[in-house]
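Student: My structure is stored as my_file.cif, with mmCIF, C-alpha atoms.
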```
data_my_file
#
loop_
_atom_site.group_PDB
_atom_site.id
_atom_site.type_symbol
_atom_site.label_atom_id
_atom_site.label_comp_id
_atom_site.auth_asym_id
_atom_site.auth_seq_id
_atom_site.Cartn_x
_atom_site.Cartn_y
_atom_site.Cartn_z
ATOM 1 C CA MET A 25 44.755 -10.583 -225.780
ATOM 2 C CA GLY A 26 41.467 -12.330 -226.635
ATOM 3 C CA LEU A 27 40.357 -15.853 -225.799
ATOM 4 C CA GLY A 28 41.564 -17.214 -229.151
ATOM 5 C CA SER A 29 45.034 -15.733 -228.683
ATOM 6 C CA ARG A 30 45.239 -17.142 -225.138
ATOM 7 C CA ILE A 31 44.275 -20.638 -226.343
ATOM 8 C CA GLN A 32 46.925 -20.401 -229.058
ATOM 9 C CA LYS A 33 49.555 -19.183 -226.586
ATOM 10 C CA PHE A 34 48.879 -21.967 -224.063
ATOM 11 C CA ARG A 35 48.803 -24.555 -226.865
ATOM 12 C CA ILE A 36 52.185 -23.432 -228.208
ATOM 13 C CA ASP A 37 53.653 -23.098 -224.691
ATOM 14 C CA ASN A 38 52.723 -26.740 -224.144
ATOM 15 C CA GLY A 39 54.331 -27.822 -227.421
ATOM 16 C CA LEU A 40 51.079 -28.898 -229.060
ATOM 17 C CA THR A 41 49.937 -28.569 -232.670
ATOM 18 C CA GLN A 42 46.326 -27.760 -233.486
ATOM 19 C CA GLU A 43 45.885 -31.376 -234.570
ATOM 20 C CA GLN A 44 47.241 -32.718 -231.259
ATOM 21 C CA LEU A 45 45.054 -30.430 -229.170
ATOM 22 C CA ALA A 46 42.026 -31.313 -231.281
ATOM 23 C CA GLU A 47 42.675 -35.026 -230.756
ATOM 24 C CA MET A 48 42.969 -34.568 -226.991
ATOM 25 C CA LEU A 49 39.652 -32.705 -226.933
ATOM 26 C CA SER A 50 37.927 -35.094 -229.357
ATOM 27 C CA ILE A 51 37.130 -32.317 -231.809
ATOM 28 C CA SER A 52 38.285 -31.353 -235.311
ATOM 29 C CA ARG A 53 41.415 -29.332 -236.065
ATOM 30 C CA GLN A 54 39.143 -26.796 -237.777
ATOM 31 C CA SER A 55 37.358 -26.187 -234.460
ATOM 32 C CA VAL A 56 40.657 -25.317 -232.760
ATOM 33 C CA SER A 57 41.585 -23.080 -235.686
ATOM 34 C CA LYS A 58 38.247 -21.221 -235.424
ATOM 35 C CA TRP A 59 38.728 -20.714 -231.678
ATOM 36 C CA GLU A 60 42.199 -19.286 -232.190
ATOM 37 C CA MET A 61 40.952 -16.897 -234.882
ATOM 38 C CA ASP A 62 38.018 -15.842 -232.613
ATOM 39 C CA GLN A 63 35.535 -17.133 -235.183
ATOM 40 C CA SER A 64 33.786 -19.350 -232.625
ATOM 41 C CA LEU A 65 33.872 -20.044 -228.890
ATOM 42 C CA PRO A 66 34.651 -23.356 -227.138
ATOM 43 C CA GLU A 67 31.945 -24.966 -225.061
ATOM 44 C CA ILE A 68 32.441 -24.825 -221.297
ATOM 45 C CA ASP A 69 33.403 -28.515 -221.007
ATOM 46 C CA LYS A 70 36.199 -27.905 -223.539
ATOM 47 C CA VAL A 71 37.382 -24.873 -221.554
ATOM 48 C CA ILE A 72 37.595 -27.047 -218.431
ATOM 49 C CA MET A 73 39.466 -29.757 -220.339
ATOM 50 C CA MET A 74 41.942 -27.197 -221.703
ATOM 51 C CA SER A 75 42.533 -25.693 -218.270
ATOM 52 C CA LYS A 76 43.507 -29.170 -217.040
ATOM 53 C CA LEU A 77 45.671 -29.878 -220.099
ATOM 54 C CA PHE A 78 47.477 -26.533 -219.787
ATOM 55 C CA SER A 79 47.596 -26.638 -215.939
ATOM 56 C CA VAL A 80 46.002 -23.212 -215.609
ATOM 57 C CA GLY A 81 42.788 -21.960 -214.048
ATOM 58 C CA THR A 82 39.756 -21.422 -216.243
ATOM 59 C CA ASP A 83 39.965 -17.717 -215.376
ATOM 60 C CA GLU A 84 43.384 -17.549 -217.065
ATOM 61 C CA LEU A 85 41.778 -18.861 -220.247
ATOM 62 C CA LEU A 86 38.601 -16.801 -220.157
ATOM 63 C CA LEU A 87 39.634 -13.450 -218.633
ATOM 64 C CA GLU A 88 41.934 -10.613 -219.578
ATOM 65 C CA ASP A 89 45.043 -10.187 -217.393
ATOM 66 C CA GLU A 90 43.638 -7.021 -215.796
ATOM 67 C CA GLU A 91 40.356 -8.789 -214.969
ATOM 68 C CA ILE A 92 42.285 -11.659 -213.337
ATOM 69 C CA LYS A 93 44.356 -9.199 -211.320
ATOM 70 C CA ASN A 94 41.197 -7.484 -210.025
ATOM 71 C CA LEU A 95 39.639 -10.808 -209.002
ATOM 72 C CA ARG A 96 42.615 -12.043 -207.020
ATOM 73 C CA PRO A 97 43.516 -10.597 -203.613
ATOM 74 C CA GLN A 98 46.679 -8.553 -203.698
ATOM 75 C CA GLU A 99 49.737 -9.875 -201.905
ATOM 76 C CA ILE A 100 50.696 -8.403 -198.556
ATOM 77 C CA HIS A 101 54.387 -8.260 -197.714
ATOM 78 C CA LEU A 102 56.207 -8.007 -194.393
ATOM 79 C CA GLY A 103 58.278 -4.836 -194.437
ATOM 80 C CA SER A 104 59.777 -4.082 -191.034
ATOM 81 C CA ILE A 105 59.384 -5.045 -187.387
ATOM 82 C CA TYR A 106 59.422 -2.012 -185.095
ATOM 83 C CA LEU A 107 60.382 -2.493 -181.450
ATOM 84 C CA ILE A 108 59.387 0.352 -179.127
ATOM 85 C CA ALA A 109 62.494 0.960 -176.997
ATOM 86 C CA ARG A 110 62.185 2.667 -173.621
ATOM 87 C CA ASP A 111 65.979 2.948 -173.200
ATOM 88 C CA PHE A 112 66.972 3.707 -176.794
ATOM 89 C CA GLU A 113 70.772 3.695 -176.442
ATOM 90 C CA LYS A 114 70.817 0.588 -174.259
ATOM 91 C CA SER A 115 68.562 -1.221 -176.761
ATOM 92 C CA ILE A 116 70.832 -0.329 -179.682
ATOM 93 C CA SER A 117 73.814 -1.710 -177.781
ATOM 94 C CA PHE A 118 71.877 -4.881 -176.884
ATOM 95 C CA TYR A 119 70.894 -5.648 -180.491
ATOM 96 C CA GLU A 120 74.341 -4.811 -181.848
ATOM 97 C CA GLN A 121 75.743 -7.474 -179.539
ATOM 98 C CA LEU A 122 72.910 -9.932 -180.074
ATOM 99 C CA LEU A 123 73.160 -9.710 -183.860
ATOM 100 C CA SER A 124 76.973 -9.319 -183.921
ATOM 101 C CA MET A 125 76.687 -6.282 -186.159
ATOM 102 C CA ASN A 126 76.705 -2.510 -185.967
ATOM 103 C CA VAL A 127 73.452 -0.628 -186.396
ATOM 104 C CA SER A 128 72.801 -0.261 -190.148
ATOM 105 C CA THR A 129 71.196 3.190 -190.149
ATOM 106 C CA ARG A 130 70.343 5.648 -187.445
ATOM 107 C CA ASN A 131 68.105 8.693 -187.593
ATOM 108 C CA CYS A 132 70.004 11.823 -186.601
ATOM 109 C CA GLY A 133 67.149 12.914 -184.369
ATOM 110 C CA ASN A 134 67.407 9.713 -182.313
ATOM 111 C CA LYS A 135 63.927 8.664 -183.416
ATOM 112 C CA PHE A 136 64.822 5.242 -184.784
ATOM 113 C CA ALA A 137 67.688 2.878 -185.584
ATOM 114 C CA GLU A 138 67.591 0.026 -188.124
ATOM 115 C CA PHE A 139 69.295 -3.342 -188.426
ATOM 116 C CA TYR A 140 69.136 -5.053 -191.839
ATOM 117 C CA PHE A 141 69.645 -8.818 -191.880
ATOM 118 C CA ASP A 142 68.004 -11.840 -193.534
ATOM 119 C CA ASN A 143 66.510 -9.418 -196.095
ATOM 120 C CA LYS A 144 64.370 -7.858 -193.348
ATOM 121 C CA CYS A 145 64.544 -4.783 -191.186
ATOM 122 C CA LEU A 146 64.417 -4.682 -187.390
ATOM 123 C CA ALA A 147 63.828 -1.053 -186.400
ATOM 124 C CA LEU A 148 64.139 0.303 -182.864
ATOM 125 C CA MET A 149 61.773 3.197 -182.231
ATOM 126 C CA ASN A 150 62.694 5.617 -179.451
ATOM 127 C CA GLU A 151 59.712 5.752 -177.107
ATOM 128 C CA ASP A 152 60.620 9.324 -176.123
ATOM 129 C CA SER A 153 60.009 10.401 -179.730
ATOM 130 C CA LEU A 154 56.596 8.741 -180.078
ATOM 131 C CA PRO A 155 54.103 10.980 -178.213
ATOM 132 C CA GLY A 156 51.820 12.554 -180.791
ATOM 133 C CA HIS A 157 52.823 9.928 -183.335
ATOM 134 C CA HIS A 158 50.678 6.903 -184.233
ATOM 135 C CA TYR A 159 51.894 4.433 -181.594
ATOM 136 C CA GLU A 160 50.511 6.163 -178.518
ATOM 137 C CA GLY A 161 47.481 4.918 -176.649
ATOM 138 C CA GLY A 162 48.422 1.287 -176.002
ATOM 139 C CA ASP A 163 50.791 -0.897 -174.049
ATOM 140 C CA HIS A 164 52.156 -2.628 -177.172
ATOM 141 C CA LYS A 165 55.913 -2.770 -177.547
ATOM 142 C CA PHE A 166 56.253 -3.820 -181.158
ATOM 143 C CA VAL A 167 54.736 -2.894 -184.502
ATOM 144 C CA LEU A 168 54.604 -5.089 -187.605
ATOM 145 C CA ASN A 169 54.935 -3.086 -190.809
ATOM 146 C CA PHE A 170 53.350 -4.520 -193.970
ATOM 147 C CA TRP A 171 53.118 -3.076 -197.473
ATOM 148 C CA VAL A 172 50.714 -3.619 -200.342
ATOM 149 C CA GLU A 173 50.428 -2.281 -203.887
ATOM 150 C CA ASP A 174 47.052 -0.587 -203.343
ATOM 151 C CA LEU A 175 46.519 0.860 -199.859
ATOM 152 C CA SER A 176 42.883 1.877 -200.447
ATOM 153 C CA LYS A 177 41.960 -1.606 -201.654
ATOM 154 C CA GLU A 178 43.550 -3.228 -198.584
ATOM 155 C CA TYR A 179 41.844 -0.723 -196.280
ATOM 156 C CA CYS A 180 38.435 -1.621 -197.748
ATOM 157 C CA ARG A 181 39.195 -5.363 -197.547
ATOM 158 C CA LEU A 182 40.112 -5.268 -193.854
ATOM 159 C CA LYS A 183 37.266 -2.869 -193.021
ATOM 160 C CA GLU A 184 34.810 -5.338 -194.531
ATOM 161 C CA LEU A 185 36.366 -8.272 -192.639
ATOM 162 C CA LYS A 186 36.032 -6.423 -189.288
ATOM 163 C CA ILE A 187 39.047 -8.291 -187.879
ATOM 164 C CA GLY A 188 40.039 -5.530 -185.451
ATOM 165 C CA GLU A 189 39.999 -1.839 -184.622
ATOM 166 C CA MET A 190 41.392 0.305 -187.438
ATOM 167 C CA THR A 191 42.554 3.871 -187.893
ATOM 168 C CA GLU A 192 41.847 6.004 -190.947
ATOM 169 C CA ILE A 193 44.441 6.279 -193.722
ATOM 170 C CA GLU A 194 46.901 8.965 -192.646
ATOM 171 C CA LYS A 195 49.754 10.812 -194.310
ATOM 172 C CA VAL A 196 53.297 10.894 -192.905
ATOM 173 C CA ASN A 197 54.789 12.682 -195.909
ATOM 174 C CA GLU A 198 54.117 12.967 -199.654
ATOM 175 C CA GLY A 199 55.221 9.416 -200.422
ATOM 176 C CA TYR A 200 54.185 7.653 -197.208
ATOM 177 C CA TYR A 201 50.606 6.822 -196.273
ATOM 178 C CA TYR A 202 49.512 4.230 -193.747
ATOM 179 C CA PHE A 203 46.730 2.928 -191.562
ATOM 180 C CA ASN A 204 46.879 0.742 -188.471
ATOM 181 C CA VAL A 205 44.903 -2.344 -187.567
ATOM 182 C CA PHE A 206 45.157 -3.679 -184.009
ATOM 183 C CA ASP A 207 45.391 -7.359 -183.126
ATOM 184 C CA PRO A 208 43.468 -8.870 -180.161
ATOM 185 C CA ASP A 209 46.321 -7.904 -177.786
ATOM 186 C CA ASN A 210 46.327 -4.303 -179.050
ATOM 187 C CA ASN A 211 49.577 -4.762 -180.978
ATOM 188 C CA VAL A 212 49.850 -2.616 -184.084
ATOM 189 C CA CYS A 213 49.979 -3.852 -187.656
ATOM 190 C CA GLU A 214 50.899 -0.844 -189.767
ATOM 191 C CA ILE A 215 49.862 -1.147 -193.421
ATOM 192 C CA THR A 216 51.603 1.063 -195.970
ATOM 193 C CA GLY A 217 51.537 1.147 -199.758
ATOM 194 C CA GLY A 218 50.611 2.958 -202.931
ATOM 195 C CA TYR A 219 47.869 5.506 -202.354
ATOM 196 C CA ASN A 220 46.085 7.726 -204.880
ATOM 197 C CA LEU A 221 44.370 10.751 -203.404
ATOM 198 C CA SER A 222 40.822 11.579 -204.444
ATOM 199 C CA GLU A 223 40.156 15.002 -206.021
ATOM 200 C CA GLU A 224 38.505 16.093 -202.767
ATOM 201 C CA GLU A 225 41.574 15.113 -200.722
ATOM 202 C CA MET A 226 43.929 16.836 -203.194
ATOM 203 C CA ASN A 227 41.988 20.082 -202.816
ATOM 204 C CA GLU A 228 42.121 20.051 -199.023
#
```
Reformat the file's structure so that it appears as structure tokens.

Tutor:
Amino acid sequence: MGLGSRIQKFRIDNGLTQEQLAEMLSISRQSVSKWEMDQSLPEIDKVIMMSKLFSVGTDELLLEDEEIKNLRPQEIHLGSIYLIARDFEKSISFYEQLLSMNVSTRNCGNKFAEFYFDNKCLALMNEDSLPGHHYEGGDHKFVLNFWVEDLSKEYCRLKELKIGEMTEIEKVNEGYYYFNVFDPDNNVCEITGGYNLSEEEMNE
């Protein structure tokens, strides 16, 4: 969708005729018509005026949707909260009573148990199952799990910010990749999301 089509769309969405928009911008109807047919371009002051009239950013008028998406930071979503349980069975019993509900799912290997409530997941991780996994090496007792659309993009963003120690992107299984970033108290924020392997990684 070009600039002219976007101007036309926003004009129609706001219930305006070409004449009405032209009057608001102190220009001729023919000028609006030429913009919408991509026969001429509006001056920057008119773009700013239209962005205010349509209640959109100037980037939404001037840029393609894909360009806008690339400019804006991607959203990061809270997935699960992992509690590292030293006494796994006792912890399950505690949270079943605290939350007045039975455990929602439980891994058959006694590695983790999950409680789903308030559209979130509280997962108990059995400390006995963690050696060799990615939570060893600290005294933290909980892990915040976040997910993003593009894991590589988020990795580069946080690496550039230098907000804390980070691991490399690692693979758990074919559909699950993650990296960790540690907060000032050495608690783990695990970031997961969509990850496309490079040709070099695929050949390894």

Student: Can you list, as a VMD selection string, every protein, DNA or RNA residue that comes within 9 Å of region 66-82 of chain A when you count only C-alpha atoms, leaving out same-chain residues fewer than 3 positions away?

Tutor: chain A and resid 31 34 to 35 37 to 38 45 48 to 49 55 to 56 59 85 to 87

Student: Around the point (52.8, -1.1, -186.7), in the coordinates given by the file, pick out the residues reaching within 9 Å, counting only C-alpha atoms, and return them as JSON, numbers by chain.

Tutor: {"A": [104, 105, 106, 158, 159, 166, 167, 168, 169, 170, 203, 204, 205, 206, 211, 212, 213, 214, 215]}

Student: Please report the interatomic distance between CA of Gln98 (chain A) and CA of Glu173 (chain A) in Å with one decimal.

Tutor: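 Distance reported for this atom pair: 7.3 Å.
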
Student: Distance CA of Asp152 (chain A)-CA of Phe112 (chain A), one decimal place?

Tutor: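 These atoms are spaced 8.5 Å apart.
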
Student: Quote the spacing between CA of Glu192 (chain A) and CA of Gly217 (chain A) in Å to one decimal place.

Tutor: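 A separation of 14.0 Å between them.
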
Student: Starting from 6 Å padding per side, set up an axis-aligned box that covers all listed atoms of region 124-128 of chain A and hand over centre and edge lengths in Å, one decimal, as AutoDock Vina command-line options.

Tutor:
```
--center_x 74.9 --center_y -4.8 --center_z -187.0 --size_x 16.2 --size_y 21.1 --size_z 18.2
```

Student: Selection in question (the file shown): the PyMOL selection byres ((chain A and resi 107-110) around 12). Which residues does it include, as a ChimeraX atom specification?

Tutor: /A:104-106,111-119,134-139,145-155,159-160,162-169,211-212
